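Shown below: input-v2.cif, with mmCIF, C-alpha atoms.
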data_run
loop_
_atom_site.label_atom_id
_atom_site.label_comp_id
_atom_site.auth_asym_id
_atom_site.auth_seq_id
_atom_site.Cartn_x
_atom_site.Cartn_y
_atom_site.Cartn_z
CA MET L 1 7.66 -103.67 45.48
CA ILE L 2 11.26 -104.53 44.61
CA PRO L 3 12.28 -108.01 45.88
CA LYS L 4 15.48 -108.36 47.85
CA GLN L 5 17.38 -111.41 46.64
CA THR L 6 18.35 -112.85 50.00
CA LEU L 7 16.93 -116.40 50.21
CA SER L 8 19.49 -119.20 50.43
CA THR L 9 18.89 -122.83 49.48
CA VAL L 10 18.05 -123.78 53.07
CA GLN L 11 15.69 -120.83 53.52
CA LEU L 12 13.97 -121.59 50.23
CA THR L 13 13.57 -125.20 51.40
CA VAL L 14 11.99 -124.08 54.67
CA LEU L 15 9.46 -121.79 52.98
CA THR L 16 8.57 -124.42 50.39
CA ALA L 17 8.32 -127.30 52.87
CA ILE L 18 6.20 -125.40 55.36
CA THR L 19 3.72 -124.64 52.56
CA LEU L 20 3.27 -128.37 51.92
CA LEU L 21 2.63 -129.24 55.57
CA GLY L 22 -0.80 -127.68 55.83
CA VAL L 23 -4.09 -129.52 55.58
CA GLN L 24 -2.53 -132.46 53.73
CA PHE L 25 -0.83 -133.96 56.78
CA LEU L 26 -4.09 -134.25 58.71
CA ILE L 27 -6.29 -135.70 55.93
CA LEU L 28 -3.68 -137.50 53.80
CA PRO L 29 -4.46 -141.07 54.99
CA ARG L 30 -8.14 -140.73 54.06
CA VAL L 31 -7.58 -139.08 50.69
CA LEU L 32 -4.94 -141.56 49.53
CA THR L 33 -6.79 -144.60 50.84
CA VAL L 34 -9.98 -143.53 49.05
CA THR L 35 -8.08 -142.66 45.86
CA ALA L 36 -6.12 -145.91 45.74
CA ASN L 37 -9.06 -147.91 47.18
CA SER L 38 -6.46 -149.89 49.11
CA THR L 39 -3.66 -149.48 51.64
CA ASP L 40 -1.18 -148.63 48.85
CA GLY L 41 -1.25 -144.92 49.58
CA TRP L 42 2.42 -144.99 50.58
CA LEU L 43 3.27 -146.08 47.03
CA THR L 44 1.18 -143.16 45.75
CA ILE L 45 3.34 -140.81 47.81
CA VAL L 46 6.53 -142.28 46.33
CA ALA L 47 5.18 -141.98 42.78
CA GLY L 48 3.89 -138.47 43.43
CA ALA L 49 7.24 -137.30 44.79
CA LEU L 50 9.00 -138.61 41.68
CA TYR L 51 6.50 -137.01 39.28
CA THR L 52 6.53 -133.72 41.16
CA PHE L 53 10.33 -133.58 41.23
CA ILE L 54 10.59 -134.18 37.49
CA LEU L 55 7.86 -131.66 36.62
CA THR L 56 9.17 -128.97 38.96
CA CYS L 57 12.78 -129.31 37.82
CA LEU L 58 11.69 -129.18 34.18
CA ALA L 59 9.63 -126.07 34.92
CA LEU L 60 12.62 -124.38 36.57
CA TYR L 61 14.73 -125.33 33.56
CA PHE L 62 12.17 -123.84 31.17
CA ILE L 63 12.07 -120.57 33.13
CA GLY L 64 15.86 -120.32 32.99
CA ARG L 65 16.08 -121.51 29.40
CA HIS L 66 14.20 -118.48 28.13
CA HIS L 67 15.97 -116.12 30.55
CA ALA L 68 12.81 -115.28 32.47
CA ASN L 69 13.49 -114.08 36.00
CA ASP L 70 10.32 -115.67 37.31
CA LEU L 71 6.91 -116.97 36.25
CA TYR L 72 5.49 -113.44 36.25
CA THR L 73 7.98 -112.25 33.62
CA TYR L 74 7.55 -115.50 31.68
CA GLY L 75 3.81 -114.86 31.34
CA TYR L 76 4.34 -111.37 29.92
CA MET L 77 7.04 -112.66 27.56
CA THR L 78 4.69 -115.35 26.26
CA PHE L 79 1.30 -113.63 26.05
CA GLY L 80 2.12 -109.92 26.07
CA LYS L 81 0.81 -107.32 28.48
CA ILE L 82 -2.92 -108.09 28.25
CA GLY L 83 -2.63 -111.89 28.21
CA GLY L 84 0.11 -111.89 30.85
CA THR L 85 -1.95 -109.65 33.14
CA LEU L 86 -5.03 -111.88 32.75
CA LEU L 87 -3.01 -114.98 33.63
CA LEU L 88 -1.43 -113.18 36.56
CA PHE L 89 -4.90 -112.29 37.83
CA LEU L 90 -5.96 -115.95 37.59
CA ILE L 91 -2.84 -116.96 39.52
CA ASN L 92 -3.84 -114.35 42.09
CA VAL L 93 -7.26 -115.97 42.34
CA TYR L 94 -5.56 -119.29 43.04
CA PHE L 95 -3.46 -117.73 45.82
CA TRP L 96 -6.55 -116.17 47.39
CA VAL L 97 -8.43 -119.48 47.31
CA ALA L 98 -5.45 -121.47 48.63
CA SER L 99 -4.96 -119.05 51.52
CA SER L 100 -8.70 -119.07 52.27
CA TYR L 101 -8.82 -122.86 52.22
CA GLN L 102 -6.05 -123.21 54.80
CA ILE L 103 -7.79 -120.89 57.25
CA ALA L 104 -11.24 -122.36 56.55
CA ALA L 105 -9.91 -125.85 57.27
CA MET L 106 -8.16 -124.59 60.41
CA ALA L 107 -11.39 -122.99 61.63
CA GLU L 108 -13.27 -126.25 61.03
CA MET L 109 -10.65 -128.19 62.98
CA VAL L 110 -10.73 -125.72 65.88
CA ARG L 111 -14.54 -125.82 65.98
CA PHE L 112 -14.61 -129.60 65.86
CA TYR L 113 -11.93 -130.33 68.48
CA LEU L 114 -11.31 -127.23 70.61
CA LEU L 115 -13.99 -124.51 70.53
CA PRO L 116 -17.31 -126.03 69.41
CA SER L 117 -19.39 -123.01 70.44
CA THR L 118 -17.13 -120.36 68.88
CA PRO L 119 -18.27 -119.03 65.49
CA THR L 120 -15.86 -120.04 62.75
CA SER L 121 -16.19 -116.56 61.24
CA LEU L 122 -14.62 -115.06 64.38
CA ILE L 123 -11.71 -117.50 64.19
CA LYS L 124 -11.15 -116.65 60.53
CA VAL L 125 -11.27 -112.88 61.02
CA LEU L 126 -8.83 -112.95 63.94
CA THR L 127 -6.45 -115.22 62.04
CA PHE L 128 -6.46 -113.03 58.94
CA LEU L 129 -5.86 -109.93 61.07
CA LEU L 130 -2.82 -111.68 62.51
CA ILE L 131 -1.68 -112.58 58.98
CA ALA L 132 -2.03 -108.94 57.93
CA TYR L 133 0.06 -107.86 60.91
CA LEU L 134 2.83 -110.32 60.01
CA LEU L 135 2.76 -109.20 56.37
CA SER L 136 3.34 -105.60 57.46
CA GLY L 137 6.97 -106.69 57.66
CA ASN L 138 8.83 -108.28 54.77
CA LEU L 139 9.74 -111.75 53.56
CA GLN L 140 12.54 -112.00 56.10
CA THR L 141 9.98 -111.55 58.89
CA ILE L 142 7.91 -114.39 57.44
CA LEU L 143 11.07 -116.49 57.14
CA ARG L 144 11.98 -115.93 60.80
CA VAL L 145 8.52 -117.00 61.94
CA SER L 146 8.57 -120.01 59.60
CA SER L 147 12.04 -120.98 60.86
CA ILE L 148 10.59 -121.25 64.36
CA ILE L 149 7.35 -123.02 63.46
CA PHE L 150 8.83 -125.53 60.98
CA PRO L 151 11.33 -127.22 63.36
CA LEU L 152 8.66 -127.22 66.08
CA THR L 153 6.27 -128.93 63.67
CA LEU L 154 8.84 -131.60 62.81
CA LEU L 155 9.66 -132.12 66.51
CA VAL L 156 6.04 -132.53 67.61
CA ALA L 157 5.03 -134.70 64.63
CA GLY L 158 8.19 -136.80 64.94
CA THR L 159 7.74 -137.37 68.68
CA ILE L 160 4.11 -138.42 68.28
CA LEU L 161 4.94 -140.76 65.40
CA VAL L 162 7.80 -142.39 67.34
CA PHE L 163 5.47 -143.21 70.24
CA SER L 164 2.92 -144.52 67.74
CA PHE L 165 5.03 -147.27 66.21
CA LYS L 166 3.95 -149.84 68.79
CA GLU L 167 0.30 -149.33 67.79
CA MET L 168 0.85 -150.59 64.22
CA ASP L 169 -0.92 -153.78 63.15
CA ILE L 170 0.67 -155.22 60.03
CA GLY L 171 -2.47 -157.30 59.48
CA HIS L 172 -4.23 -154.16 58.21
CA MET L 173 -1.85 -153.95 55.26
CA ASN L 174 -2.98 -155.49 51.97
CA PRO L 175 -0.57 -156.87 49.35
CA PRO L 176 0.61 -154.15 46.93
CA PHE L 177 -1.58 -153.36 43.92
CA THR L 178 -4.48 -155.50 45.13
CA ASN L 179 -6.94 -153.31 43.22
CA GLY L 180 -4.71 -152.53 40.27
CA VAL L 181 -1.90 -150.12 39.45
CA ALA L 182 -3.71 -147.18 37.83
CA ASN L 183 -5.39 -145.79 40.96
CA VAL L 184 -2.17 -146.11 42.95
CA ILE L 185 0.48 -144.46 40.78
CA PHE L 186 -1.32 -142.86 37.83
CA ASN L 187 -4.27 -141.03 39.41
CA PRO L 188 -3.52 -137.26 39.42
CA ASN L 189 -5.91 -136.70 42.32
CA GLY L 190 -3.74 -138.98 44.45
CA VAL L 191 -0.16 -138.54 43.29
CA PHE L 192 -0.16 -134.74 43.31
CA PHE L 193 -2.36 -134.14 46.35
CA PRO L 194 0.40 -134.65 48.98
CA PHE L 195 2.60 -132.03 47.31
CA GLU L 196 0.14 -129.19 46.84
CA GLY L 197 2.19 -126.10 47.66
CA ILE L 198 5.39 -127.02 45.82
CA GLU L 199 4.44 -124.53 43.09
CA VAL L 200 5.28 -121.58 45.39
CA ILE L 201 8.92 -122.10 44.47
CA TYR L 202 8.15 -120.67 41.00
CA PHE L 203 7.08 -117.41 42.61
CA LEU L 204 9.83 -117.22 45.24
CA LEU L 205 12.53 -117.15 42.55
CA PRO L 206 12.72 -113.31 42.51
CA PHE L 207 13.78 -113.43 46.18
CA VAL L 208 16.49 -116.11 45.76
CA ASN L 209 20.16 -115.10 45.79
CA LYS L 210 22.55 -116.10 43.03
CA LYS L 211 24.26 -118.82 45.07
CA ALA L 212 21.03 -120.63 45.92
CA LYS L 213 20.09 -123.86 44.14
CA PRO L 214 16.30 -124.08 43.64
CA LYS L 215 16.43 -127.65 42.29
CA LEU L 216 18.28 -128.78 45.42
CA ALA L 217 15.61 -127.05 47.50
CA VAL L 218 12.92 -128.95 45.57
CA PHE L 219 14.73 -132.25 46.10
CA SER L 220 15.28 -131.63 49.83
CA THR L 221 11.67 -130.58 50.32
CA LEU L 222 10.20 -133.58 48.53
CA VAL L 223 12.45 -136.10 50.30
CA LEU L 224 11.73 -134.65 53.75
CA ILE L 225 7.98 -134.30 53.22
CA SER L 226 7.70 -137.74 51.57
CA ILE L 227 9.35 -139.42 54.56
CA ILE L 228 6.97 -137.66 56.96
CA TYR L 229 3.93 -138.53 54.84
CA ILE L 230 4.86 -142.18 54.32
CA ILE L 231 5.48 -142.77 58.04
CA THR L 232 2.27 -140.96 58.97
CA TYR L 233 0.21 -142.84 56.39
CA LEU L 234 1.51 -146.26 57.43
CA ILE L 235 1.05 -145.61 61.14
CA VAL L 236 -2.52 -144.30 60.77
CA VAL L 237 -3.69 -146.95 58.30
CA LEU L 238 -1.99 -149.87 60.07
CA ASN L 239 -3.56 -148.81 63.33
CA LEU L 240 -7.12 -147.89 62.28
CA GLY L 241 -7.53 -150.07 59.20
CA GLU L 242 -8.56 -149.19 55.66
CA ARG L 243 -12.32 -149.10 56.21
CA GLU L 244 -12.23 -146.81 59.22
CA VAL L 245 -9.71 -144.42 57.70
CA LYS L 246 -11.99 -143.90 54.69
CA THR L 247 -14.79 -142.67 56.97
CA LEU L 248 -12.80 -140.18 59.08
CA VAL L 249 -12.65 -136.47 58.33
CA TRP L 250 -9.35 -135.94 60.18
CA PRO L 251 -7.80 -139.45 60.36
CA THR L 252 -4.42 -138.32 61.71
CA ILE L 253 -6.03 -136.49 64.63
CA SER L 254 -8.48 -139.35 65.24
CA PHE L 255 -5.57 -141.77 65.44
CA ILE L 256 -3.65 -139.59 67.91
CA GLN L 257 -6.78 -139.50 70.08
CA SER L 258 -7.11 -143.28 69.98
CA PHE L 259 -4.01 -144.14 71.97
CA GLU L 260 -2.29 -143.11 75.19
CA THR L 261 1.45 -142.90 75.81
CA GLU L 262 2.32 -144.58 79.06
CA GLY L 263 5.45 -143.99 81.08
CA ILE L 264 5.81 -140.26 80.40
CA PHE L 265 4.28 -137.27 82.15
CA ILE L 266 1.91 -136.59 79.24
CA GLU L 267 -0.32 -139.48 78.21
CA ARG L 268 -2.50 -137.79 75.57
CA MET L 269 -0.74 -135.87 72.83
CA GLU L 270 -3.47 -134.60 70.51
CA GLY L 271 -3.30 -131.21 72.22
CA PHE L 272 0.27 -130.76 71.04
CA LEU L 273 -0.66 -131.79 67.51
CA LEU L 274 -3.65 -129.45 67.34
CA SER L 275 -1.82 -126.42 68.73
CA THR L 276 1.17 -127.03 66.46
CA TRP L 277 -0.97 -127.45 63.36
CA ILE L 278 -2.87 -124.26 64.04
CA MET L 279 0.47 -122.50 63.65
CA GLN L 280 1.19 -124.63 60.60
CA PHE L 281 -2.08 -123.65 58.93
CA PHE L 282 -1.26 -120.04 59.71
CA SER L 283 2.24 -120.27 58.19
CA THR L 284 0.98 -121.85 54.99
CA SER L 285 -1.69 -119.19 54.58
CA VAL L 286 0.86 -116.43 55.25
CA ILE L 287 3.04 -117.56 52.34
CA TYR L 288 0.09 -117.72 49.94
CA SER L 289 -1.08 -114.29 51.14
CA PHE L 290 2.40 -112.82 50.70
CA LEU L 291 2.64 -114.12 47.14
CA SER L 292 -0.85 -112.86 46.31
CA GLY L 293 0.09 -109.39 47.57
CA TYR L 294 3.34 -109.44 45.63
CA SER L 295 1.47 -110.58 42.50
CA LEU L 296 -1.00 -107.69 42.86
CA SER L 297 1.90 -105.24 42.75
CA LYS L 298 2.85 -106.60 39.34
CA TYR L 299 -0.26 -105.39 37.51
CA THR L 300 -1.95 -102.81 39.75
CA LYS L 301 -1.02 -99.43 41.23
CA LEU L 302 -0.43 -101.07 44.62
CA LYS L 303 3.34 -100.90 44.29
CA LYS L 304 4.03 -100.40 47.98
CA SER L 305 4.28 -103.48 50.15
CA PHE L 306 1.64 -103.13 52.86
CA PRO L 307 -1.34 -101.81 50.80
CA GLY L 308 -0.98 -104.71 48.38
CA MET L 309 -0.69 -107.22 51.23
CA ALA L 310 -3.69 -105.71 53.03
CA VAL L 311 -5.85 -105.97 49.91
CA ALA L 312 -4.72 -109.56 49.32
CA VAL L 313 -5.52 -110.57 52.91
CA ALA L 314 -8.91 -108.82 52.78
CA ILE L 315 -9.89 -110.69 49.61
CA SER L 316 -8.80 -114.04 51.08
CA MET L 317 -10.75 -113.31 54.26
CA ILE L 318 -13.91 -112.48 52.31
CA ILE L 319 -13.62 -115.70 50.29
CA SER L 320 -13.09 -117.69 53.48
CA LEU L 321 -16.10 -116.07 55.16
CA CYS L 322 -18.27 -116.97 52.18
CA PHE L 323 -17.49 -120.67 52.81
CA GLN L 324 -18.75 -121.32 56.32
CA HIS L 325 -19.72 -124.99 56.39
CA THR L 326 -17.89 -128.30 56.05
CA LEU L 327 -19.27 -128.87 52.55
CA ASP L 328 -18.15 -125.36 51.59
CA THR L 329 -14.65 -126.13 52.85
CA ARG L 330 -14.52 -129.23 50.64
CA ILE L 331 -15.52 -127.10 47.65
CA LEU L 332 -12.67 -124.72 48.49
CA SER L 333 -10.39 -127.75 48.71
CA LEU L 334 -11.32 -128.90 45.21
CA ILE L 335 -10.86 -125.43 43.72
CA SER L 336 -7.51 -125.07 45.46
CA PHE L 337 -6.27 -128.48 44.34
CA TYR L 338 -7.22 -128.15 40.69
CA GLY L 339 -5.80 -124.64 40.69
CA PHE L 340 -2.55 -126.10 42.01
CA GLU L 341 -2.42 -128.63 39.18
CA VAL L 342 -2.91 -125.86 36.61
CA VAL L 343 -0.21 -123.65 38.13
CA LEU L 344 2.18 -126.61 38.44
CA LEU L 345 1.92 -127.23 34.69
CA LEU L 346 1.75 -123.58 33.62
CA PRO L 347 5.51 -123.26 32.84
CA PHE L 348 5.12 -126.05 30.28
CA VAL L 349 2.43 -124.06 28.47
CA TYR L 350 4.63 -120.96 28.58
CA PHE L 351 7.62 -122.88 27.24
CA LEU L 352 5.70 -124.42 24.36
CA ILE L 353 3.98 -121.21 23.24
CA TYR L 354 7.04 -119.00 23.69
CA SER L 355 9.22 -121.46 21.74
CA ILE L 356 6.73 -121.41 18.85
CA LYS L 357 6.49 -117.63 19.09
CA ARG L 358 10.27 -117.21 18.78
CA LYS L 359 10.43 -119.50 15.74
CA VAL L 360 7.60 -117.61 14.02
CA VAL L 361 9.32 -114.26 14.66
CA ARG L 362 12.56 -115.57 13.21
#
So, in terms of structure tokens, how does the structure I just supplied come out?
Amino acid sequence: MIPKQTLSTVQLTVLTAITLLGVQFLILPRVLTVTANSTDGWLTIVAGALYTFILTCLALYFIGRHHANDLYTYGYMTFGKIGGTLLLFLINVYFWVASSYQIAAMAEMVRFYLLPSTPTSLIKVLTFLLIAYLLSGNLQTILRVSSIIFPLTLLVAGTILVFSFKEMDIGHMNPPFTNGVANVIFNPNGVFFPFEGIEVIYFLLPFVNKKAKPKLAVFSTLVLISIIYIITYLIVVLNLGEREVKTLVWPTISFIQSFETEGIFIERMEGFLLSTWIMQFFSTSVIYSFLSGYSLSKYTKLKKSFPGMAVAVAISMIISLCFQHTLDTRILSLISFYGFEVVLLLPFVYFLIYSIKRKVVR
């Protein structure tokens, strides 16, 4: 599978941003409120965006500094064929789990709010079949679909949030750093959680054209997503309160259900949010599945596009089907998140070891 270097800065931004807007948007208020143990989650988002930007830009610098075309090549340069292949397989495992988690969470949401009597396994199988069909094309096909879903997501989320401003109760906000600073801006489980998905930019580099600016794409993505997250967090927490938010599985959806918009032809808007986020879950899983299929072609005989993608989707579907219950989905979430942290920091390990290796050889 030979990548076509066609992605521009804007297209790279779209693919990266749409990967971040998966499960996080719907559970972010609960996770950050529990992590910070206060209403300072918006400060956690600011700190996380800053940390993520610095780490990602450094990682991109390291990859370029040693003239590696991408993280795949960097792994082979650092650890040789056997070590590089093993690490590539572990990255593949992360992609499979991340893709599975998105669809497992989507199936749970659909069962909870839309189709309570429909087996989640049926929802998962049908969704993965649709993913496989989309992956029968190429990255440009995925980009075209993402370019439709992403603006729609921003439009629906933005409209709902605008109508929600009047519901905010500033009395639910505590003074900053009431329970200390460490949990707010130094807890990895909080600061990096909103930006799980940013690491895909490492693996999209082979598809980026020479005029594109990956660091600008990272900056644009983090600014846009941070604004959306901060507004969402403040609206949900200031409406429901800290204690209630901590107890809700899907606090963003619960908040949307709690109010009605008067004066327009549609008074309840959770249907728009749910239908839009089903597409959003799908898009995020598609990108992870695409990268897992592309990664397989790097160290297996599946050099052609569709066989590799089909195998990748099948593995993700099997993993997702093995995790059928809410507790199982949370286990998938933990595996996916800690895998993200490892992959985010992997270029630093490569840089350190490869730098030592070059000095020893000299």
Using all atoms listed in the file, which protein or nucleic acid residues come within 10 Å of range 135-141 of chain L? Drop anything in the same chain fewer than 4 positions from it, and give the result as a list in words.
Pro3, Lys4, Thr6, Leu7, Gln11, Leu129, Leu130, Ile131, Val145, Ser146, Ser147, Leu204, Phe207, Val286, Ile287, Ser289, Phe290, Leu291, Gly293, Ser305, Phe306, Pro307, Gly308, Met309, Ala310 and Val313 of chain L
Could you check how far CA of Lys166 in chain L sits from CA of Phe272 in chain L, in Å to one decimal?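 Straight-line distance from CA of Lys166 in chain L to CA of Phe272 in chain L works out to 19.6 Å.
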So what do you get for CA of Asp328 in chain L versus CA of Val245 in chain L, distance-wise?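 Taking CA of Asp328 in chain L as the start and CA of Val245 in chain L as the end point, the length is 21.7 Å.
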Shell of 10 Å around Arg243 in chain L, only C-alpha atoms, local chain residues under 3 positions omitted, as a ChimeraX atom specification | /L:30,33-34,37-39,172,237,240,246-248
| field | Matched chain/residue IDs from the PyMOL selection byres ((chain L and resi 276-279) around 10), as a ChimeraX atom specification | value | /L:21-23,25-26,102-103,105-107,109-110,127,145-146,149-150,152-157,270-275,280-285
